[in-house]
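For reference, the structure discussed in these notes is given below.
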Amino acid sequence: YDQILILTANSGTLLPQKDVLLNHCGFDVDEDRFIIRGCQDVPGFDAVARGDKVDVEKVTPGMVKMVTGILTEQPSVRAILLECTELPPYSDALRKEFGLPVFDAITCADFFISARKDNPRFGLNAWQLDWDGTADEYTFGQNLSEGERGKLLCKK
């Protein structure tokens, strides 16, 4: 069967979330079709743990090398999911090197947004109203109940 490689910044911090992922998302991290690997040992990627800026050019070859090793061991991988928001800079290198679809925070946001937009190539066109350029007024937490607002750590 086909497998999905899930890369995370640090596998040690994702795996403890397995109960949350299973109970709220229906995602069992122990399932055989998901291969979860952390990038914490890729040379230069330790900058993430330190909160420093990552040198993408330095880290990219190590990221490709790590994934090469994983795909050699797991030839049934058919897609790569980059779970961490620090990983999208490596998506194109992985796509180019392995010819697999790579999903990251940016491609997922694009997918979500495109599902709500008019497609000018076919179907109904110009069905959405033009934005008037005025943003609605918003106060932090206005969409929360009084009880939820009471739980906020930052009340500004």
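Chain labels A, B, ... are given in the sequence in which chains occur in the structure tokens; within each chain residues are numbered consecutively from 1, and ligands are likewise numbered from 1 in the order shown.
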Shell around A:Ser76 at 12 Å using only C-alpha atoms, local window under 2 positions removed, as a list in words: Tyr1, Asp2, Gln3, Ile4, Leu5, Asp32, Arg33, Phe34, Ile35, Ile70, Leu71, Thr72, Glu73, Gln74, Arg78, Ala79, Ile80 and Leu100 of chain A
Strand (DSSP E) positions in chain A, given as an mmCIF file with N, CA, C and O atoms, in the first residue's frame:
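The result, written out as states-v6.cif:
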```cif
data_model
loop_
_atom_site.group_PDB
_atom_site.id
_atom_site.type_symbol
_atom_site.label_atom_id
_atom_site.label_comp_id
_atom_site.auth_asym_id
_atom_site.auth_seq_id
_atom_site.Cartn_x
_atom_site.Cartn_y
_atom_site.Cartn_z
ATOM 1 N N GLN A 3 2.273 4.913 1.069
ATOM 2 C CA GLN A 3 2.549 5.552 2.348
ATOM 3 C C GLN A 3 2.771 7.049 2.152
ATOM 4 O O GLN A 3 3.084 7.505 1.055
ATOM 5 N N ILE A 4 2.622 7.792 3.243
ATOM 6 C CA ILE A 4 2.851 9.233 3.248
ATOM 7 C C ILE A 4 3.968 9.521 4.238
ATOM 8 O O ILE A 4 3.899 9.099 5.398
ATOM 9 N N LEU A 5 4.968 10.243 3.771
ATOM 10 C CA LEU A 5 6.056 10.671 4.634
ATOM 11 C C LEU A 5 5.670 12.010 5.247
ATOM 12 O O LEU A 5 5.373 12.962 4.530
ATOM 13 N N ILE A 6 5.659 12.079 6.563
ATOM 14 C CA ILE A 6 5.351 13.320 7.273
ATOM 15 C C ILE A 6 6.632 13.806 7.926
ATOM 16 O O ILE A 6 7.196 13.120 8.783
ATOM 17 N N LEU A 7 7.086 14.977 7.488
ATOM 18 C CA LEU A 7 8.279 15.570 8.091
ATOM 19 C C LEU A 7 7.843 16.644 9.076
ATOM 20 O O LEU A 7 6.969 17.466 8.781
ATOM 21 N N THR A 8 8.452 16.630 10.227
ATOM 22 C CA THR A 8 8.172 17.610 11.268
ATOM 23 C C THR A 8 9.500 18.179 11.743
ATOM 24 O O THR A 8 10.548 17.561 11.535
ATOM 25 N N PHE A 34 1.581 6.002 7.630
ATOM 26 C CA PHE A 34 2.229 7.279 7.909
ATOM 27 C C PHE A 34 3.624 7.043 8.456
ATOM 28 O O PHE A 34 3.801 6.326 9.434
ATOM 29 N N ILE A 35 4.600 7.638 7.815
ATOM 30 C CA ILE A 35 5.988 7.561 8.276
ATOM 31 C C ILE A 35 6.349 8.957 8.774
ATOM 32 O O ILE A 35 6.400 9.899 7.989
ATOM 33 N N ILE A 36 6.555 9.090 10.067
ATOM 34 C CA ILE A 36 6.839 10.395 10.651
ATOM 35 C C ILE A 36 8.326 10.476 10.987
ATOM 36 O O ILE A 36 8.869 9.618 11.679
ATOM 37 N N ARG A 37 8.960 11.512 10.457
ATOM 38 C CA ARG A 37 10.390 11.723 10.720
ATOM 39 C C ARG A 37 10.618 13.184 11.089
ATOM 40 O O ARG A 37 10.040 14.087 10.496
ATOM 41 N N GLY A 38 11.476 13.381 12.054
ATOM 42 C CA GLY A 38 11.859 14.724 12.469
ATOM 43 C C GLY A 38 13.080 15.201 11.710
ATOM 44 O O GLY A 38 13.916 14.400 11.295
ATOM 45 N N VAL A 77 6.460 5.234 -0.379
ATOM 46 C CA VAL A 77 6.020 6.608 -0.134
ATOM 47 C C VAL A 77 5.573 7.236 -1.448
ATOM 48 O O VAL A 77 6.290 7.203 -2.442
ATOM 49 N N ARG A 78 4.355 7.809 -1.442
ATOM 50 C CA ARG A 78 3.796 8.414 -2.650
ATOM 51 C C ARG A 78 3.549 9.911 -2.506
ATOM 52 O O ARG A 78 3.187 10.585 -3.461
ATOM 53 N N ALA A 79 3.737 10.445 -1.279
ATOM 54 C CA ALA A 79 3.555 11.876 -1.051
ATOM 55 C C ALA A 79 4.315 12.275 0.205
ATOM 56 O O ALA A 79 4.590 11.437 1.070
ATOM 57 N N ILE A 80 4.647 13.557 0.276
ATOM 58 C CA ILE A 80 5.360 14.097 1.435
ATOM 59 C C ILE A 80 4.523 15.236 2.002
ATOM 60 O O ILE A 80 4.060 16.110 1.265
ATOM 61 N N LEU A 81 4.326 15.221 3.314
ATOM 62 C CA LEU A 81 3.625 16.282 4.020
ATOM 63 C C LEU A 81 4.613 16.956 4.962
ATOM 64 O O LEU A 81 5.220 16.297 5.802
ATOM 65 N N LEU A 82 4.786 18.257 4.804
ATOM 66 C CA LEU A 82 5.663 19.027 5.685
ATOM 67 C C LEU A 82 4.791 19.643 6.763
ATOM 68 O O LEU A 82 4.074 20.604 6.513
ATOM 69 N N VAL A 102 4.361 17.336 -2.784
ATOM 70 C CA VAL A 102 4.779 17.793 -1.462
ATOM 71 C C VAL A 102 3.750 18.813 -0.994
ATOM 72 O O VAL A 102 3.498 19.807 -1.673
ATOM 73 N N PHE A 103 3.157 18.541 0.157
ATOM 74 C CA PHE A 103 2.150 19.420 0.738
ATOM 75 C C PHE A 103 2.749 20.124 1.947
ATOM 76 O O PHE A 103 3.424 19.494 2.760
#
```
DSSP alpha helix (DSSP H) residues within stretch 57-121 of chain A, as a PyMOL selection string: chain A and resi 57-73+91-98+105-114
Residues as selected, N, CA, C and O atoms, written as a compact mmCIF listing (two decimals), in the first residue's frame, can you do that?
```
# COMPACT_ATOMS: atom_id res chain seq x y z
N GLU A 57 19.81 27.73 2.36
CA GLU A 57 20.76 27.18 1.38
C GLU A 57 21.65 26.12 2.01
O GLU A 57 22.00 25.13 1.37
N LYS A 58 22.02 26.31 3.25
CA LYS A 58 22.87 25.34 3.95
C LYS A 58 22.09 24.08 4.30
O LYS A 58 22.62 22.97 4.20
N VAL A 59 20.83 24.23 4.69
CA VAL A 59 20.03 23.10 5.16
C VAL A 59 19.47 22.25 4.02
O VAL A 59 19.33 21.04 4.16
N THR A 60 19.18 22.85 2.87
CA THR A 60 18.51 22.14 1.78
C THR A 60 19.20 20.84 1.38
O THR A 60 18.53 19.80 1.27
N PRO A 61 20.52 20.81 1.16
CA PRO A 61 21.14 19.53 0.79
C PRO A 61 20.97 18.44 1.85
O PRO A 61 20.76 17.27 1.53
N GLY A 62 21.02 18.83 3.11
CA GLY A 62 20.81 17.86 4.19
C GLY A 62 19.39 17.35 4.23
O GLY A 62 19.15 16.17 4.53
N MET A 63 18.44 18.22 3.93
CA MET A 63 17.04 17.82 3.89
C MET A 63 16.83 16.79 2.77
O MET A 63 16.19 15.75 2.96
N VAL A 64 17.40 17.08 1.59
CA VAL A 64 17.28 16.16 0.46
C VAL A 64 17.96 14.83 0.78
O VAL A 64 17.43 13.76 0.50
N LYS A 65 19.12 14.89 1.41
CA LYS A 65 19.85 13.67 1.77
C LYS A 65 19.05 12.83 2.76
O LYS A 65 18.96 11.61 2.62
N MET A 66 18.46 13.47 3.76
CA MET A 66 17.66 12.74 4.74
C MET A 66 16.48 12.04 4.06
O MET A 66 16.23 10.86 4.29
N VAL A 67 15.77 12.77 3.20
CA VAL A 67 14.61 12.19 2.52
C VAL A 67 15.04 11.08 1.56
O VAL A 67 14.35 10.07 1.43
N THR A 68 16.19 11.24 0.92
CA THR A 68 16.71 10.18 0.06
C THR A 68 16.85 8.88 0.84
O THR A 68 16.45 7.81 0.38
N GLY A 69 17.42 8.98 2.03
CA GLY A 69 17.59 7.80 2.88
C GLY A 69 16.26 7.18 3.28
O GLY A 69 16.09 5.96 3.25
N ILE A 70 15.30 8.02 3.62
CA ILE A 70 13.98 7.52 4.03
C ILE A 70 13.30 6.82 2.86
O ILE A 70 12.74 5.73 3.01
N LEU A 71 13.35 7.44 1.67
CA LEU A 71 12.69 6.85 0.51
C LEU A 71 13.38 5.57 0.04
O LEU A 71 12.72 4.69 -0.53
N THR A 72 14.66 5.45 0.30
CA THR A 72 15.37 4.21 -0.02
C THR A 72 14.85 3.08 0.88
O THR A 72 14.63 1.96 0.42
N GLU A 73 14.63 3.40 2.15
CA GLU A 73 14.11 2.41 3.11
C GLU A 73 12.61 2.18 2.93
O GLU A 73 12.11 1.10 3.26
N SER A 91 10.20 22.64 0.08
CA SER A 91 9.21 21.93 -0.74
C SER A 91 9.65 21.76 -2.19
O SER A 91 9.58 20.67 -2.74
N ASP A 92 10.08 22.85 -2.81
CA ASP A 92 10.46 22.77 -4.23
C ASP A 92 11.66 21.86 -4.44
O ASP A 92 11.70 21.11 -5.42
N ALA A 93 12.63 21.90 -3.55
CA ALA A 93 13.79 21.01 -3.69
C ALA A 93 13.37 19.55 -3.60
O ALA A 93 13.86 18.71 -4.36
N LEU A 94 12.44 19.25 -2.70
CA LEU A 94 11.95 17.87 -2.57
C LEU A 94 11.12 17.46 -3.78
O LEU A 94 11.24 16.33 -4.27
N ARG A 95 10.29 18.37 -4.29
CA ARG A 95 9.50 18.07 -5.50
C ARG A 95 10.43 17.77 -6.67
O ARG A 95 10.23 16.81 -7.41
N LYS A 96 11.43 18.62 -6.85
CA LYS A 96 12.37 18.46 -7.96
C LYS A 96 13.16 17.16 -7.85
O LYS A 96 13.30 16.42 -8.82
N GLU A 97 13.64 16.89 -6.67
CA GLU A 97 14.51 15.72 -6.47
C GLU A 97 13.76 14.39 -6.60
O GLU A 97 14.28 13.43 -7.15
N PHE A 98 12.53 14.34 -6.08
CA PHE A 98 11.85 13.05 -5.99
C PHE A 98 10.63 12.90 -6.88
O PHE A 98 10.10 11.80 -7.02
N ALA A 105 2.25 24.05 4.54
CA ALA A 105 1.27 25.03 5.01
C ALA A 105 0.81 25.95 3.88
O ALA A 105 -0.36 26.36 3.83
N ILE A 106 1.70 26.27 2.97
CA ILE A 106 1.36 27.19 1.89
C ILE A 106 0.45 26.51 0.86
O ILE A 106 -0.57 27.07 0.45
N THR A 107 0.79 25.30 0.44
CA THR A 107 -0.05 24.61 -0.54
C THR A 107 -1.42 24.30 0.06
O THR A 107 -2.44 24.36 -0.64
N CYS A 108 -1.47 23.99 1.35
CA CYS A 108 -2.76 23.71 1.98
C CYS A 108 -3.61 24.98 2.09
O CYS A 108 -4.83 24.93 1.86
N ALA A 109 -2.99 26.12 2.40
CA ALA A 109 -3.73 27.39 2.45
C ALA A 109 -4.22 27.76 1.04
O ALA A 109 -5.37 28.19 0.88
N ASP A 110 -3.36 27.57 0.03
CA ASP A 110 -3.77 27.84 -1.34
C ASP A 110 -4.96 26.97 -1.75
O ASP A 110 -5.90 27.43 -2.40
N PHE A 111 -4.91 25.70 -1.36
CA PHE A 111 -5.99 24.77 -1.66
C PHE A 111 -7.30 25.25 -1.02
O PHE A 111 -8.34 25.30 -1.67
N PHE A 112 -7.23 25.63 0.24
CA PHE A 112 -8.41 26.11 0.96
C PHE A 112 -8.97 27.38 0.30
O PHE A 112 -10.18 27.49 0.05
N ILE A 113 -8.11 28.32 0.00
CA ILE A 113 -8.55 29.58 -0.59
C ILE A 113 -9.13 29.35 -1.98
O ILE A 113 -10.17 29.91 -2.34
N SER A 114 -8.50 28.50 -2.78
CA SER A 114 -8.98 28.28 -4.14
C SER A 114 -10.34 27.60 -4.16
O SER A 114 -11.10 27.76 -5.12
```
Straight-line distance linking atom CA of A:Leu14 with atom CA of A:Cys84, stated in Å to one decimal: 9.8 Å
Which of A:Pro89, A:Pro120, A:Gly133, A:Gly12 sits closest to A:Cys39 [using only C-alpha atoms]: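 Distance minimum relative to A:Cys39 lands on A:Gly12.
Non-sequential neighbours of A:Phe140 (distance at most 12 Å, separation of 2 or more positions within a chain, only C-alpha atoms) are Glu137, Tyr138, Gln142, Asn143, Leu144, Arg149, Leu152, Cys154, Lys155 and Lys156 of chain A.
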